[in-house]
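Novice: Before we start, here is the structure in question, set down as structure tokens.
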Amino acid sequence: MEVSASVRDHFINLVNDVFPNLTTEDPLYSVIALGSILIIAALIYVIARLLVRPQIANWVYKSNNKWDNALQEHGFFRRLMHLFPALFIYVTTPVLIDGEAVMHGMVIKSAQLYMLYSGLLALYAMLSTVEDVYNASAFSRRAPITGFIQVTKLAFAIITILLSISLIVDRSPLLIVSGLTAIAAVLLLIFRDTILGFVAGIQIAANRMFNTGDWIAMPKYEVDGEILEIGLTNVKVQNWDKTISTLPTYSLTTEAVKNWRGMQESGGRRIKRAIFIDVHSIKLCDNDMLERFSKIRYINEYIDKKKNELRAYHRDYSIDESDLLNSRRLTNIGTFRAYLEAYLRKHPNINQELTLMVRQLPPNELGLPLEIYCFSAEKEWVKYEKVQADIFDHVMAMLDLFDLRAYQRDGHLSLLASREQSVYKHDTTEHEERNARDSQNDEGSNDSPRNEGQ
């Protein structure tokens with residue numbers, strides 16, 4: 001108190017040197033005092049910005065910690081500098097300006113609001129720093145906290161607004177909160193997406209359903225890409241065509257979403273594709289075909305094993321191998337299926353620990369579907385597609401070796417047309433030859449001795 005009185009007396013003496021007859025009750029004195037306070041406060045801010053802040057930045061960049069660098073990047077220290085002039089105004093105003101003056105209450109409340117919002121901005125910077133540090137850690141892969149950070153910021157913003165209103169109207173914040181119950185229904189409508197997003201954020205974090213970096217697909221919203229950010233009300237997804245889709249956070253828990261994280265964390269990416277075999281090309285294998293197939297490295301043991309099994313079967317049941325009706329024989333489609341499975345077993349880019357099979361699907365109007373079901377060890381998109389394409393390039397090229405054809409609608413019709421044309425030509429040729437023979441026979445009968453005698 002003695003220091004405050006001494007400062008006030010010294011300031012009054014300085015003012016009286018310029019204005020001898022000026023008193024503290026005079027409005028001009030309040031204006032001069034307020035102007036002096038604001039000028040000194042501005043000088044304090046300039047000094048803090050030009051001298052203190054660079055020194056703090058120098059300490060931060062010399063430190064080995066990362067969290068203080070994040071504070072500097074989010075402007076925590078810059079926003080904190082505003083507290084010094086606000087605190088100076090709040091402390092010196094009661095000293096230099098009389099409490100009964102009109103300006104006294106306005107300046108005090110303005111200083112309090114200044115400190116309140118400066119502190120709020122500094123707190124925002126701290127929360128953003130916490131989010132950055134968390135996202136840089138290994139825990140961020142388990143559960144995102146962006147939504148919770150946004151909820152915290154929103155809560156502090158609401159508290160700041162309530163405190164600001166209470167300062168302006170000079171009423172208790174509890175009284176203001178109790179008055180808000182009358183418009184609770186309106187607030188629920190206004191903050192509907194916020195509330196739904198907050199609840200969805202809790203579900204996502206608790207169940208570890210989604211995280212930044214996850215590949216999701218939502219056909220309803222035409223979304224297919226990686227999650228960039230899971231916020232309080234919105235989720236940002238970068239599609240594979242580099243467009244950005246924004247959808248409500250609660251849609252991740254209320255709509256059908258495919259999350260490819262399981263594939264990314266597993267040992268392979270599934271290949272599930274079928275080729276349609278022309279059923280007219282499926283046939284039994286003769287000895288020449290088996291001899292040709294036995295020279296293929298992947299199935300030579302398979303062919304020998306099957307030959308022995310069939311030979312033992314025919315011997316046990318006393319069946320002649322030339323008896324086509326009762327004997328058992330290999331087919332080119334079955335041998336080809338065995339070859340493909342052996343080929344995939346030897347493929348270096350196929351995960352052998354996961355499901356691998358070559359199976360037949362029910363035949364349809366397009367032929368007999370022969371499906372390859374396996375998992376590529378390469379999960380990255382471009383490499384995965386290359387592995388899949390290489391496999392089916394080889395499959396299509398090997399069809400002819402097994403006397404098989406892939407069904408192709410136009411090509412199949414052309415084949416049937418060529419067959420009909422060849423049959424027609426054959427029938428025509430036979431008919432012409434038959435006519436020629438008949439005509440020769442007729443001529444021979446006319447030259448008989450009976451006719452000569454006549």
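Each chain in the structure tokens gets a letter, A, B and so on, in the order shown; residues start at 1 in every chain, and ligands are counted from 1 in the order they appear.
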So which residues touch Asp278 of chain A within 8 Å, counting only C-alpha atoms, skipping near sequence neighbours fewer than 2 positions away, as a list in words?
Specialist: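 The neighbour list is Phe276, His280, Ser281, Ile282, Leu366, Gly367, Leu368, Leu404, Arg405, Ala406 and Tyr407 of chain A.
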Novice: Within 12 Å of segment 154-169 of chain A, counting only C-alpha atoms, which residues qualify if same-chain residues fewer than 4 places away don't, as a count of residues only?
Specialist: 39
Novice: One number please: atom CA of Tyr221 of chain A to atom CA of Ser266 of chain A, in Å, one decimal.
Specialist: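 Computed distance, atom CA of Tyr221 of chain A to atom CA of Ser266 of chain A, equals 26.8 Å.
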Novice: Hey, which of A:Ile230, A:Leu252, A:Ile37, A:Leu310 ends up closest to Ile89 of chain A? Count only C-alpha atoms.
Specialist: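 Among A:Ile230, A:Leu252, A:Ile37, A:Leu310, it is A:Ile37 that comes nearest to Ile89 of chain A.
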Novice: Could you check how far atom CA of Ile277 of chain A sits from atom CA of Arg337 of chain A, in Å to one decimal?
Specialist: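 Between atom CA of Ile277 of chain A and atom CA of Arg337 of chain A the gap is 11.5 Å.
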Novice: Which residue, A:Val279, A:Ile12, A:Leu83, A:Ile319, has the smallest gap to Leu370 of chain A when you use only C-alpha atoms?
Specialist: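 Ranking A:Val279, A:Ile12, A:Leu83, A:Ile319 by distance to Leu370 of chain A, first place goes to A:Val279.
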Novice: Step one, run DSSP on the backbone; step two, keep only residues of segment 66-290 of chain A assigned to strand (DSSP E); then write them as a ChimeraX atom specification.
Specialist: /A:215-218,223-230,234-239,244-248,258-259,269-277
Novice: How would the residues just chosen look if you wrote them out with N, CA, C and O atoms as a compact mmCIF listing (two decimals), in the first residue's frame?
Specialist:
```txt
# COMPACT_ATOMS: atom_id res chain seq x y z
N TRP A 215 -6.63 -47.12 -43.97
CA TRP A 215 -7.27 -47.13 -45.28
C TRP A 215 -8.71 -47.61 -45.09
O TRP A 215 -8.95 -48.73 -44.66
N ILE A 216 -9.67 -46.73 -45.39
CA ILE A 216 -11.07 -47.07 -45.24
C ILE A 216 -11.78 -46.91 -46.58
O ILE A 216 -11.32 -46.17 -47.46
N ALA A 217 -12.90 -47.61 -46.72
CA ALA A 217 -13.74 -47.52 -47.91
C ALA A 217 -15.19 -47.40 -47.48
O ALA A 217 -15.68 -48.23 -46.70
N MET A 218 -15.86 -46.35 -47.96
CA MET A 218 -17.28 -46.12 -47.68
C MET A 218 -17.98 -45.83 -49.00
O MET A 218 -17.98 -44.68 -49.46
N VAL A 223 -15.99 -42.77 -50.68
CA VAL A 223 -14.72 -42.57 -49.97
C VAL A 223 -13.90 -43.84 -50.08
O VAL A 223 -14.39 -44.94 -49.81
N ASP A 224 -12.66 -43.70 -50.51
CA ASP A 224 -11.74 -44.83 -50.60
C ASP A 224 -10.33 -44.26 -50.51
O ASP A 224 -9.76 -43.80 -51.50
N GLY A 225 -9.77 -44.27 -49.31
CA GLY A 225 -8.43 -43.70 -49.12
C GLY A 225 -8.01 -43.75 -47.66
O GLY A 225 -8.58 -44.49 -46.85
N GLU A 226 -7.00 -42.94 -47.32
CA GLU A 226 -6.42 -42.93 -45.98
C GLU A 226 -7.00 -41.79 -45.15
O GLU A 226 -7.24 -40.69 -45.65
N ILE A 227 -7.18 -42.07 -43.87
CA ILE A 227 -7.68 -41.05 -42.94
C ILE A 227 -6.56 -40.07 -42.62
O ILE A 227 -5.47 -40.47 -42.18
N LEU A 228 -6.81 -38.80 -42.86
CA LEU A 228 -5.84 -37.76 -42.52
C LEU A 228 -6.03 -37.25 -41.11
O LEU A 228 -5.05 -36.99 -40.40
N GLU A 229 -7.28 -37.11 -40.70
CA GLU A 229 -7.56 -36.52 -39.39
C GLU A 229 -8.93 -36.96 -38.91
O GLU A 229 -9.89 -36.97 -39.69
N ILE A 230 -9.01 -37.33 -37.65
CA ILE A 230 -10.29 -37.64 -37.00
C ILE A 230 -10.56 -36.53 -36.00
O ILE A 230 -9.96 -36.49 -34.93
N ASN A 234 -15.71 -33.70 -37.81
CA ASN A 234 -15.46 -34.14 -39.17
C ASN A 234 -14.26 -35.07 -39.23
O ASN A 234 -13.37 -35.00 -38.37
N VAL A 235 -14.27 -35.91 -40.25
CA VAL A 235 -13.14 -36.79 -40.55
C VAL A 235 -12.67 -36.47 -41.96
O VAL A 235 -13.48 -36.42 -42.89
N LYS A 236 -11.38 -36.24 -42.12
CA LYS A 236 -10.80 -35.95 -43.43
C LYS A 236 -10.15 -37.21 -43.98
O LYS A 236 -9.34 -37.84 -43.30
N VAL A 237 -10.51 -37.55 -45.21
CA VAL A 237 -9.97 -38.74 -45.87
C VAL A 237 -9.41 -38.32 -47.21
O VAL A 237 -10.09 -37.65 -48.00
N GLN A 238 -8.16 -38.70 -47.47
CA GLN A 238 -7.56 -38.45 -48.78
C GLN A 238 -7.75 -39.68 -49.65
O GLN A 238 -7.20 -40.74 -49.37
N ASN A 239 -8.57 -39.53 -50.70
CA ASN A 239 -8.83 -40.64 -51.59
C ASN A 239 -7.60 -40.92 -52.45
O ASN A 239 -6.68 -40.11 -52.54
N ILE A 244 -9.86 -34.85 -51.41
CA ILE A 244 -10.10 -34.88 -49.97
C ILE A 244 -11.60 -34.96 -49.73
O ILE A 244 -12.35 -34.12 -50.21
N SER A 245 -12.02 -35.98 -49.00
CA SER A 245 -13.43 -36.13 -48.62
C SER A 245 -13.57 -35.82 -47.14
O SER A 245 -12.73 -36.22 -46.33
N THR A 246 -14.61 -35.09 -46.81
CA THR A 246 -14.93 -34.76 -45.42
C THR A 246 -16.29 -35.33 -45.08
O THR A 246 -17.27 -35.08 -45.79
N LEU A 247 -16.35 -36.10 -44.01
CA LEU A 247 -17.61 -36.72 -43.61
C LEU A 247 -17.77 -36.59 -42.10
O LEU A 247 -16.78 -36.40 -41.38
N PRO A 248 -19.00 -36.68 -41.60
CA PRO A 248 -19.22 -36.55 -40.15
C PRO A 248 -18.51 -37.65 -39.38
O PRO A 248 -18.44 -38.80 -39.83
N LYS A 258 -15.47 -50.20 -44.37
CA LYS A 258 -14.46 -51.25 -44.48
C LYS A 258 -13.10 -50.65 -44.14
O LYS A 258 -12.65 -49.71 -44.78
N ASN A 259 -12.47 -51.21 -43.11
CA ASN A 259 -11.15 -50.76 -42.67
C ASN A 259 -10.12 -51.80 -43.11
O ASN A 259 -10.20 -52.97 -42.72
N ARG A 269 -1.75 -59.64 -48.78
CA ARG A 269 -2.95 -59.04 -49.34
C ARG A 269 -3.59 -60.04 -50.29
O ARG A 269 -2.91 -60.63 -51.16
N ARG A 270 -4.88 -60.23 -50.17
CA ARG A 270 -5.56 -61.32 -50.86
C ARG A 270 -5.63 -61.11 -52.37
O ARG A 270 -5.90 -60.00 -52.86
N ILE A 271 -5.38 -62.19 -53.09
CA ILE A 271 -5.64 -62.27 -54.53
C ILE A 271 -6.80 -63.25 -54.71
O ILE A 271 -6.69 -64.42 -54.35
N LYS A 272 -7.88 -62.80 -55.29
CA LYS A 272 -9.08 -63.62 -55.48
C LYS A 272 -9.66 -63.25 -56.84
O LYS A 272 -10.42 -62.31 -56.97
N ARG A 273 -9.23 -64.01 -57.83
CA ARG A 273 -9.67 -63.71 -59.20
C ARG A 273 -9.81 -65.01 -59.97
O ARG A 273 -9.05 -65.95 -59.76
N ALA A 274 -10.77 -65.05 -60.87
CA ALA A 274 -11.06 -66.25 -61.64
C ALA A 274 -10.94 -65.98 -63.13
O ALA A 274 -11.16 -64.86 -63.59
N ILE A 275 -10.57 -67.02 -63.86
CA ILE A 275 -10.63 -67.00 -65.32
C ILE A 275 -11.68 -68.02 -65.75
O ILE A 275 -11.86 -69.06 -65.11
N PHE A 276 -12.36 -67.73 -66.86
CA PHE A 276 -13.44 -68.61 -67.33
C PHE A 276 -12.89 -69.50 -68.43
O PHE A 276 -12.40 -69.03 -69.46
N ILE A 277 -12.96 -70.81 -68.18
CA ILE A 277 -12.46 -71.81 -69.12
C ILE A 277 -13.60 -72.25 -70.04
O ILE A 277 -14.71 -72.54 -69.59
```
Novice: What are the nearest atom pairs, with distances in Å to one decimal, for all residues of segment 318-383 of chain A that come at most 12 Å from segment 394-402 of chain A, using only C-alpha atoms, set out by chain and rising residue number as a Markdown table?
Specialist:
```
| residue | atom | partner | partner_atom | distance |
| --- | --- | --- | --- | --- |
| A:Leu330 | CA | A:Phe402 | CA | 12.0 |
| A:Thr331 | CA | A:Phe402 | CA | 9.6 |
| A:Asn332 | CA | A:Phe402 | CA | 5.9 |
| A:Ile333 | CA | A:Phe402 | CA | 7.7 |
| A:Gly334 | CA | A:Phe402 | CA | 10.0 |
| A:Thr335 | CA | A:Phe402 | CA | 8.1 |
| A:Phe336 | CA | A:Phe402 | CA | 6.6 |
| A:Arg337 | CA | A:Val395 | CA | 10.2 |
| A:Ala338 | CA | A:Phe402 | CA | 11.6 |
| A:Tyr339 | CA | A:Met398 | CA | 9.8 |
| A:Leu340 | CA | A:Val395 | CA | 7.6 |
| A:Glu341 | CA | A:Val395 | CA | 11.0 |
| A:Tyr343 | CA | A:Val395 | CA | 9.7 |
| A:Leu344 | CA | A:Val395 | CA | 10.7 |
| A:His347 | CA | A:His394 | CA | 11.7 |
| A:Val358 | CA | A:Val395 | CA | 11.7 |
| A:Leu370 | CA | A:Val395 | CA | 10.6 |
| A:Glu371 | CA | A:Val395 | CA | 11.0 |
| A:Ile372 | CA | A:Val395 | CA | 9.9 |
```
Novice: Please identify the alpha helix (DSSP H) residues within segment 65-279 of chain A (assignment by DSSP from backbone atoms) and present them as a count of residues only.
Specialist: 124
Novice: What is the atom CA of Thr129 of chain A to atom CA of Ile190 of chain A distance in Å?
Specialist: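 These two atoms are separated by 28.7 Å.
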Novice: Find, counting only C-alpha atoms, the residue in A:Ile32, A:Asp241, A:Glu385, A:Asp403 that gets nearest to Asp286 of chain A.
Specialist: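 Going through A:Ile32, A:Asp241, A:Glu385, A:Asp403 one by one, the smallest distance to Asp286 of chain A is for A:Asp403.
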Novice: Neighbouring residues of Asn58 of chain A were defined as those with any atom within 12 Å, considering only C-alpha atoms; residues of the same chain fewer than 6 positions away were excluded. Please report them as JSON, numbers by chain.
Specialist: {"A": [51, 52, 68, 69, 72]}
Novice: Limited to N, CA and C atoms, could you put the picked residues into a file as a PDB file, in the first residue's frame?
Specialist:
```pdb
ATOM      1  N   LEU A  51      12.946  -8.338 -26.848  1.00  0.00           N
ATOM      2  CA  LEU A  51      14.080  -8.770 -26.037  1.00  0.00           C
ATOM      3  C   LEU A  51      13.850 -10.137 -25.386  1.00  0.00           C
ATOM      4  N   VAL A  52      12.715 -10.272 -24.711  1.00  0.00           N
ATOM      5  CA  VAL A  52      12.478 -11.503 -23.955  1.00  0.00           C
ATOM      6  C   VAL A  52      12.158 -12.673 -24.886  1.00  0.00           C
ATOM      7  N   ASP A  68       9.179 -28.349 -26.277  1.00  0.00           N
ATOM      8  CA  ASP A  68       9.322 -26.897 -26.247  1.00  0.00           C
ATOM      9  C   ASP A  68       9.389 -26.325 -27.660  1.00  0.00           C
ATOM     10  N   ASN A  69       9.914 -27.109 -28.623  1.00  0.00           N
ATOM     11  CA  ASN A  69       9.881 -26.657 -30.019  1.00  0.00           C
ATOM     12  C   ASN A  69       8.444 -26.568 -30.527  1.00  0.00           C
ATOM     13  N   GLN A  72       6.883 -23.453 -29.231  1.00  0.00           N
ATOM     14  CA  GLN A  72       7.328 -22.296 -30.000  1.00  0.00           C
ATOM     15  C   GLN A  72       6.615 -22.219 -31.342  1.00  0.00           C
TER      16      GLN A  72
END
```
Novice: Nearest to Leu96 of chain A: which of A:Val31, A:Val199, A:Ile44, A:Arg53 is it, counting only C-alpha atoms?
Specialist: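 For Leu96 of chain A, the nearest of the given residues is A:Val31.
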Novice: Please provide the set of residues having any atom within 12 Å of Ile202 of chain A, restricted to only C-alpha atoms, with same-chain residues fewer than 5 positions apart removed, written as a PyMOL selection string.
Specialist: chain A and resi 143-148+151+195-197+207-210+230-232+249-250+252-253
Novice: May I have the selected residues written with C-alpha atoms, as a compact mmCIF listing (two decimals), in the first residue's frame?
Specialist:
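The file below, result.txt, is the result:
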```txt
# COMPACT_ATOMS: atom_id res chain seq x y z
CA ALA A 143 -6.06 -44.29 -30.45
CA PRO A 144 -6.31 -40.73 -31.85
CA ILE A 145 -6.82 -37.85 -29.41
CA THR A 146 -7.65 -35.08 -31.89
CA GLY A 147 -11.33 -35.24 -30.99
CA PHE A 148 -10.62 -35.05 -27.26
CA VAL A 151 -13.54 -31.07 -27.00
CA ILE A 195 -22.26 -34.07 -29.24
CA LEU A 196 -22.61 -36.93 -31.72
CA GLY A 197 -18.99 -36.52 -32.77
CA ASN A 207 -12.63 -49.81 -29.31
CA ARG A 208 -9.66 -48.74 -31.45
CA MET A 209 -11.87 -48.82 -34.50
CA PHE A 210 -10.07 -46.24 -36.64
CA ILE A 230 -10.29 -37.64 -37.00
CA GLY A 231 -11.73 -34.47 -35.52
CA LEU A 232 -14.57 -33.68 -33.19
CA THR A 249 -17.28 -38.28 -37.40
CA TYR A 250 -20.33 -40.14 -36.16
CA LEU A 252 -17.77 -43.96 -38.82
CA THR A 253 -19.86 -45.65 -36.13
```
